[in-house]
Protein chains: 2
Amino acid sequence: MAVAEIIAIGSELLTPERTDTNSLWLTGQLNAIGIEVRMKTIVGDDGERLQEAVSDALRRSDVVITTGGLGPTADDITREFTAKAVGRELVYHTEIEEHLRERFRGWGRQMPEINKRQAYVIDGADVLPNPNGSAVGMLAAIEGKMLIVLPGPPRENQPMFAEHVLPRLKNIAGEFHVRRRVLRVIGGESAVDEIAAPIYTRYENVETSILFNKSEVEIHVAAKAGSETEAQATADKLSDELTSALGDNVFSTNGETMEEVVGELLKQRNETLAIAESCTGGLIGSRITNVAGSSDYFLEGCVTYSNEAKIHTLNVAREIIDEHGAVSAECAEAMATGMRERVGSTHALSVTGIAGPGGGSDEKPVGTVFIGYAGPAGVRSTRINLPGDRYLIRWRASQAALDLLRRQLRRDTHQSR
Amino acid sequence: MAVAEIIAIGSELLTPERTDTNSLWLTGQLNAIGIEVRMKTIVGDDGERLQEAVSDALRRSDVVITTGGLGPTADDITREFTAKAVGRELVYHTEIEEHLRERFRGWGRQMPEINKRQAYVIDGADVLPNPNGSAVGMLAAIEGKMLIVLPGPPRENQPMFAEHVLPRLKNIAGEFHVRRRVLRVIGGESAVDEIAAPIYTRYENVETSILFNKSEVEIHVAAKAGSETEAQATADKLSDELTSALGDNVFSTNGETMEEVVGELLKQRNETLAIAESCTGGLIGSRITNVAGSSDYFLEGCVTYSNEAKIHTLNVAREIIDEHGAVSAECAEAMATGMRERVGSTHALSVTGIAGPGGGSDEKPVGTVFIGYAGPAGVRSTRINLPGDRYLIRWRASQAALDLLRRQLRRDTHQSR
């Protein structure tokens with residue numbers, strides 16, 4: 001399989017505000033024809049480092065693509081230092097200068113002299129025309145490798161890549177195709193991997209990576225094969241194997257979010273939901289309603305942050321709060337029950353807990369969260385202890401609540417079958 | 001001036017979907033103490049390339065920071081290959097293992113055996129504790145250079161960097177000091193820049209950048225000078241000049257979020273807030289309660305998504321919905337009034353609108369949002385038309401509602417003086 005590297009050039013990409021996003025589109029294009037991106041580098045307007053980056057990349061990889069640094073000003077150093085990296089001269093192309101003068105005339109302006117810089121091309125490289133800007137691109141074969149030099153703006157480099165580079169890469173890319181699946185799983189990274197690794201390591205032409213993302217594990221599967229059909233079949237087969245091994249902890253096999261999965265289950269069953277939130281402060285409602293069409297199943301939410309709100313709005317008995325505290329199984333169950341009765345929904349969820357940083361005790365430290373559920377199968381609650389800061393505890397509590405509902409809905413479905 | 005490189009590790013950063021954003025925050029932190037970031041590299045779970053990247057970076061730069069690849073699974077290769085890059089062994093730290101076992105016990109779980117991998121540390125490196133995750137960081141002095149190995153999740157690497165790395169980097173940082181201010185402004189990017197540019201371009205030793213972020217413009221000011229005091233004074237002076245030119249549209253001059261600003265105003269005035277949300281679905285409540293201590297002023301929220309919920313919970317007259325629709329000024333005002341009466345809060349906000357993609361009409365297209373307010377100064381509402389997709393419309397509606405409250409609170413303050 002052919003291997004590529006991408007080098008993004010420009011000091012603005014080394015500030016706290018901006019990162020290289022050009023490479024995303026290029027990676028998609030390369031992956032689609034079976035070329036893998038193995039490394040990305042970002043250099044500023046720094047000739048020495050650029051030269052080193054290009055020559056290192058050409059030593060390691062079959063295809064090296066640079067983006068940016070082809071403008072007309074002094075800090076546009078890509079032409080000079082890519083040429084140095086491959087030990088070639090820059091050659092002046094009068095036809096490029098002519099063409100640039102023409103363009104400027106077309107806009108009723110005279111070409112500034114500094115634009116002449118843009119007529120220099122690496123000796124022996126093919127010129128890639130740029131209908132959307134003044135910087136031409138270059139493509140040079142260097143000892144069996146391919147160096148491709150593109151301008152920075154996406155509106156310039158994307159059409160240039162699609163029209164002039166892609167057809168030539170297809171020849172070297174060979175016969176590989178890549179198809180991906182994303183599984184989302186409840187659980188810890190290591191616990192999931194202990195189950196998943198013995199399965200995915202058996203697949204030779206699949207790259208699998210395991211990521212932990214706030215409150216869930218993502219398993220990314222990328223299958224390579226000689227045909228699209230074969231790659232898809234392999235990705236699907238591994239996805240199925242992983243799903244049966246990980247069981248009910250897998251909540252999505254095509255990258256859907258938890259709120260999409262729960263919404264879909266409610267929709268299928270034509271049932272409704274209401275939510276009473278304390279420490280999550282509206283986050284669960286916000287996630288649920290971020291799905292278009294959620295008004296089909298989501299009736300109402302209450303953010304009962306204060307004790308008074310729990311008592312008056314959710315009809316939680318004052319004695320429950322006095323005896324057990326607002327953060328308790330009893331209160332969570334009363335909140336869910338009160339919410340369900342108040343709205344008449346099929347299901348109601350509740351969350352009450354200590355998101356921190358203050359408010360914790362020995363008995364109920366920061367991160368203690370109770371999730372309540374009320375529905376046709378009855379009322380129940382669960383206590384969890386969540387690690388993390390305020391943001392993470394809230395997020396994880398919202399995820400745990402939605403997951404509890406998901407499991408309940410799946411259980412209901414199995415029982416009714 | 002000291003020079004740094006950042007190496008982000010993880011195959012997911014080489015897919016078409018994700019790019020390295022960790023480096024942005026780190027760059028800001030490094031710049032603030034006068035360390036320049038000269039190069040960034042992104043490598044996958046590829047030991048050979050990682051090893052080369054680390055040793056190249058240590059040859060070129062004073063400080064090398066890696067992020068990611070410290071998880072417990074086999075594809076987490078950072079420990080092994082950073083050690084190889086610096087020619088040192090990995091040493092097993094039983095106290096790290098003990099600490100991990102302790103953590104898992106705290107969550108009522110047993111530590112999976114593979115987490116033992118996370119107890120290996122480069123020989124001679126200092127261990128950087130991680131209160132938010134299982135991967136410790138490392139800091140090693142390598143022939144006068146500094147290698148810093150951090151976990152990938154921002155919630156883990158940012159506190160670790162701030163607490164354990166920054167103090168030690170300050171010693172090696174050079175004679176330049178950089179001080180930053182971040183202004184947050186309501187308005188469009190070009191409109192803000194038209195007012196701001198004539199001011200900030202007069203400052204020679206200040207780098208100013210204007211960013212548009214979902215619903216607000218951020219003005220980042222970075223002043224450089226020979227002393228901290230001088231840099232701070234310049235940053236403050238420019239920040240003040242910009243604030244008086246942009247007036248009340250500037251809602252924060254030290255990077256505070258809108259919800260922090262509103263919370264602070266409520267706290268100062270010892271007043272309370274209740275929120276009735278329709279299309280934002282709990283997002284405003286979630287934002288407000290993401291601020292620690294918000295229980296001091298936030299009483300209760302209702303997510304009245306359905307018409308029935310608006311009628312029964314907020315006491316909106318059915319005739320209002322029948323005559324004007326749920327998305328109307330009348331309904332927004334009735335929601336705010338009903339919410340305020342229900343809870344007895346000083347202020348109440350309401351939002352009702354069409355977040356899309358469905359539900360729009362000629363008269364009220366997708367993006368039509370009404371914001372209602374009820375408080376001591378009376379009841380009012382405003383209609384806005386928001387561009388963007390469902391996610392952005394909801395976010396912008398939440399921002400507009402909070403901004404309306406902010407302006408009301410400031411007006412109240414001025415009037416009472």
# chains A, B, ... in the order shown; residues from 1 in each chain; ligands from 1
call {"tool": "select_by_dssp", "arguments": {"residues": "region 63-200 of chain A", "states": "helix (DSSP H, G or I)", "output": "PyMOL selection string"}}
result
chain A and resi 78-85+94-106+113-119+154-173+189-200
call {"tool": "select_by_dssp", "arguments": {"residues": "region 150-298 of chain A", "states": "strand (DSSP E or B)", "output": "VMD selection string"}}
result
chain A and resid 150 177 to 185 206 to 213 216 to 225 250 to 252 273 to 277 298
call {"tool": "interface_residues", "arguments": {"of": "chain B", "to": "chain A", "cutoff": "7 Å", "atoms": "only C-alpha atoms", "output": "JSON, numbers by chain"}}
result
{"B": [14, 15, 16, 17, 19, 21, 24, 25, 27, 28, 37, 38, 39, 40, 41, 42, 43, 44, 72, 73, 107, 112, 114, 115, 132, 280, 281, 282, 283, 285, 286, 289, 290, 292, 295, 299, 300, 301, 302, 303, 304, 305, 306, 309, 357, 391]}
call {"tool": "write_last_selection", "arguments": {"atoms": "N, CA and C atoms", "output": "compact mmCIF listing (two decimals), in the first residue's frame"}}
result
# COMPACT_ATOMS: atom_id res chain seq x y z
N LEU B 14 -4.84 11.12 11.79
CA LEU B 14 -4.45 11.01 10.38
C LEU B 14 -5.61 10.54 9.52
N THR B 15 -6.82 10.63 10.07
CA THR B 15 -8.01 10.30 9.30
C THR B 15 -8.58 11.58 8.68
N PRO B 16 -9.56 11.44 7.78
CA PRO B 16 -10.16 12.64 7.19
C PRO B 16 -11.03 13.41 8.17
N GLU B 17 -11.27 12.84 9.37
CA GLU B 17 -12.24 13.46 10.27
C GLU B 17 -11.63 14.33 11.36
N THR B 19 -8.33 16.48 13.34
CA THR B 19 -7.02 17.08 13.29
C THR B 19 -6.57 17.35 14.72
N THR B 21 -5.95 19.41 17.73
CA THR B 21 -6.29 20.74 18.25
C THR B 21 -5.64 20.99 19.61
N LEU B 24 -3.13 23.86 19.96
CA LEU B 24 -3.52 25.27 20.00
C LEU B 24 -3.38 25.83 21.42
N TRP B 25 -3.96 25.12 22.36
CA TRP B 25 -3.89 25.58 23.74
C TRP B 25 -2.45 25.61 24.22
N THR B 27 0.22 25.94 22.46
CA THR B 27 0.93 27.05 21.81
C THR B 27 0.65 28.35 22.54
N GLY B 28 -0.62 28.57 22.90
CA GLY B 28 -0.97 29.79 23.64
C GLY B 28 -0.19 29.88 24.94
N VAL B 37 6.59 28.27 19.10
CA VAL B 37 6.40 26.94 18.52
C VAL B 37 6.83 27.01 17.06
N ARG B 38 7.82 26.20 16.69
CA ARG B 38 8.38 26.29 15.35
C ARG B 38 7.90 25.18 14.43
N MET B 39 7.38 24.12 15.01
CA MET B 39 7.00 23.01 14.14
C MET B 39 6.03 22.12 14.90
N LYS B 40 5.10 21.52 14.15
CA LYS B 40 4.20 20.55 14.75
C LYS B 40 4.21 19.30 13.86
N THR B 41 4.13 18.17 14.50
CA THR B 41 4.14 16.91 13.75
C THR B 41 3.00 16.05 14.26
N ILE B 42 2.38 15.34 13.35
CA ILE B 42 1.33 14.41 13.74
C ILE B 42 1.71 13.04 13.22
N VAL B 43 1.85 12.09 14.13
CA VAL B 43 2.19 10.74 13.71
C VAL B 43 1.10 9.80 14.20
N GLY B 44 0.95 8.70 13.48
CA GLY B 44 -0.03 7.70 13.88
C GLY B 44 0.58 6.76 14.92
N PRO B 72 -3.76 2.51 27.83
CA PRO B 72 -3.28 1.21 28.27
C PRO B 72 -3.20 0.16 27.16
N THR B 73 -3.66 0.48 25.95
CA THR B 73 -3.79 -0.58 24.95
C THR B 73 -2.54 -0.69 24.07
N TRP B 107 -13.78 3.47 42.11
CA TRP B 107 -14.97 3.40 41.23
C TRP B 107 -15.67 2.06 41.37
N PRO B 112 -7.96 -3.52 35.25
CA PRO B 112 -7.59 -4.53 34.26
C PRO B 112 -6.07 -4.65 34.19
N ILE B 114 -4.04 -4.89 31.78
CA ILE B 114 -3.30 -4.09 30.78
C ILE B 114 -2.99 -2.68 31.27
N ASN B 115 -3.70 -2.20 32.28
CA ASN B 115 -3.37 -0.87 32.78
C ASN B 115 -1.98 -0.80 33.41
N ASN B 132 -7.07 13.48 36.52
CA ASN B 132 -8.27 13.30 35.70
C ASN B 132 -8.23 12.08 34.80
N THR B 280 -34.32 25.58 22.25
CA THR B 280 -32.96 25.33 22.75
C THR B 280 -32.90 24.09 23.64
N GLY B 281 -34.04 23.58 24.05
CA GLY B 281 -34.14 22.25 24.65
C GLY B 281 -33.34 22.00 25.93
N GLY B 282 -32.94 23.04 26.64
CA GLY B 282 -32.17 22.83 27.87
C GLY B 282 -30.75 23.37 27.77
N LEU B 283 -30.41 23.84 26.56
CA LEU B 283 -29.03 24.32 26.34
C LEU B 283 -28.68 25.52 27.20
N GLY B 285 -30.06 26.36 30.15
CA GLY B 285 -29.90 25.87 31.51
C GLY B 285 -28.57 25.16 31.68
N SER B 286 -28.23 24.36 30.69
CA SER B 286 -26.98 23.62 30.75
C SER B 286 -25.77 24.56 30.78
N THR B 289 -25.71 26.39 34.25
CA THR B 289 -25.32 25.54 35.37
C THR B 289 -23.96 24.90 35.18
N ASN B 290 -23.34 25.14 34.04
CA ASN B 290 -21.97 24.67 33.90
C ASN B 290 -21.00 25.53 34.72
N ALA B 292 -19.65 26.78 38.12
CA ALA B 292 -19.70 26.35 39.52
C ALA B 292 -20.30 27.47 40.36
N SER B 295 -25.90 27.56 41.52
CA SER B 295 -27.09 27.32 42.35
C SER B 295 -27.42 28.55 43.20
N LEU B 299 -32.60 29.17 39.73
CA LEU B 299 -33.61 28.45 40.50
C LEU B 299 -34.15 27.24 39.76
N GLU B 300 -34.56 27.45 38.53
CA GLU B 300 -35.26 26.36 37.85
C GLU B 300 -35.36 26.63 36.36
N GLY B 301 -35.38 25.54 35.60
CA GLY B 301 -35.58 25.66 34.17
C GLY B 301 -36.67 24.72 33.72
N CYS B 302 -37.38 25.10 32.66
CA CYS B 302 -38.35 24.19 32.07
C CYS B 302 -38.06 24.05 30.59
N VAL B 303 -38.01 22.82 30.14
CA VAL B 303 -37.89 22.59 28.71
C VAL B 303 -39.28 22.22 28.21
N THR B 304 -40.02 23.23 27.81
CA THR B 304 -41.40 23.01 27.38
C THR B 304 -41.41 22.89 25.87
N TYR B 305 -41.13 21.66 25.44
CA TYR B 305 -40.95 21.42 24.01
C TYR B 305 -42.30 21.34 23.31
N SER B 306 -43.27 20.70 23.95
CA SER B 306 -44.58 20.54 23.31
C SER B 306 -45.50 21.71 23.68
N ALA B 309 -46.97 21.25 27.13
CA ALA B 309 -46.07 21.62 28.23
C ALA B 309 -46.09 23.13 28.44
N PRO B 357 -34.08 21.06 10.85
CA PRO B 357 -34.20 21.49 9.46
C PRO B 357 -35.64 21.64 8.99
N TYR B 391 -27.67 22.90 14.97
CA TYR B 391 -26.75 23.09 16.08
C TYR B 391 -26.44 24.57 16.29
call {"tool": "calpha_fit_rmsd", "arguments": {"fixed": "chain B", "moving": "chain A"}}
result
7.1 Å
call {"tool": "residues_around", "arguments": {"residues": "Val165 (chain B)", "least_positions_apart": "4", "cutoff": "10 Å", "atoms": "only C-alpha atoms", "output": "PyMOL selection string"}}
result
chain B and resi 128+137-139+148+150+158-161+169-170
call {"tool": "atom_distance", "arguments": {"atom1": "CA of Ala135 (chain B)", "atom2": "CA of Ala400 (chain A)"}}
result
23.1 Å
call {"tool": "residues_around", "arguments": {"residues": "Arg79 (chain A)", "least_positions_apart": "5", "cutoff": "9 Å", "atoms": "only C-alpha atoms", "output": "PyMOL selection string"}}
result
chain A and resi 69-70+84+90+117-118+120-122+149
call {"tool": "closest_residue", "arguments": {"among": "B:Asn130, B:Thr368, B:Thr257, B:Thr66", "to": "Ala162 (chain B)", "atoms": "only C-alpha atoms"}}
result
B:Asn130
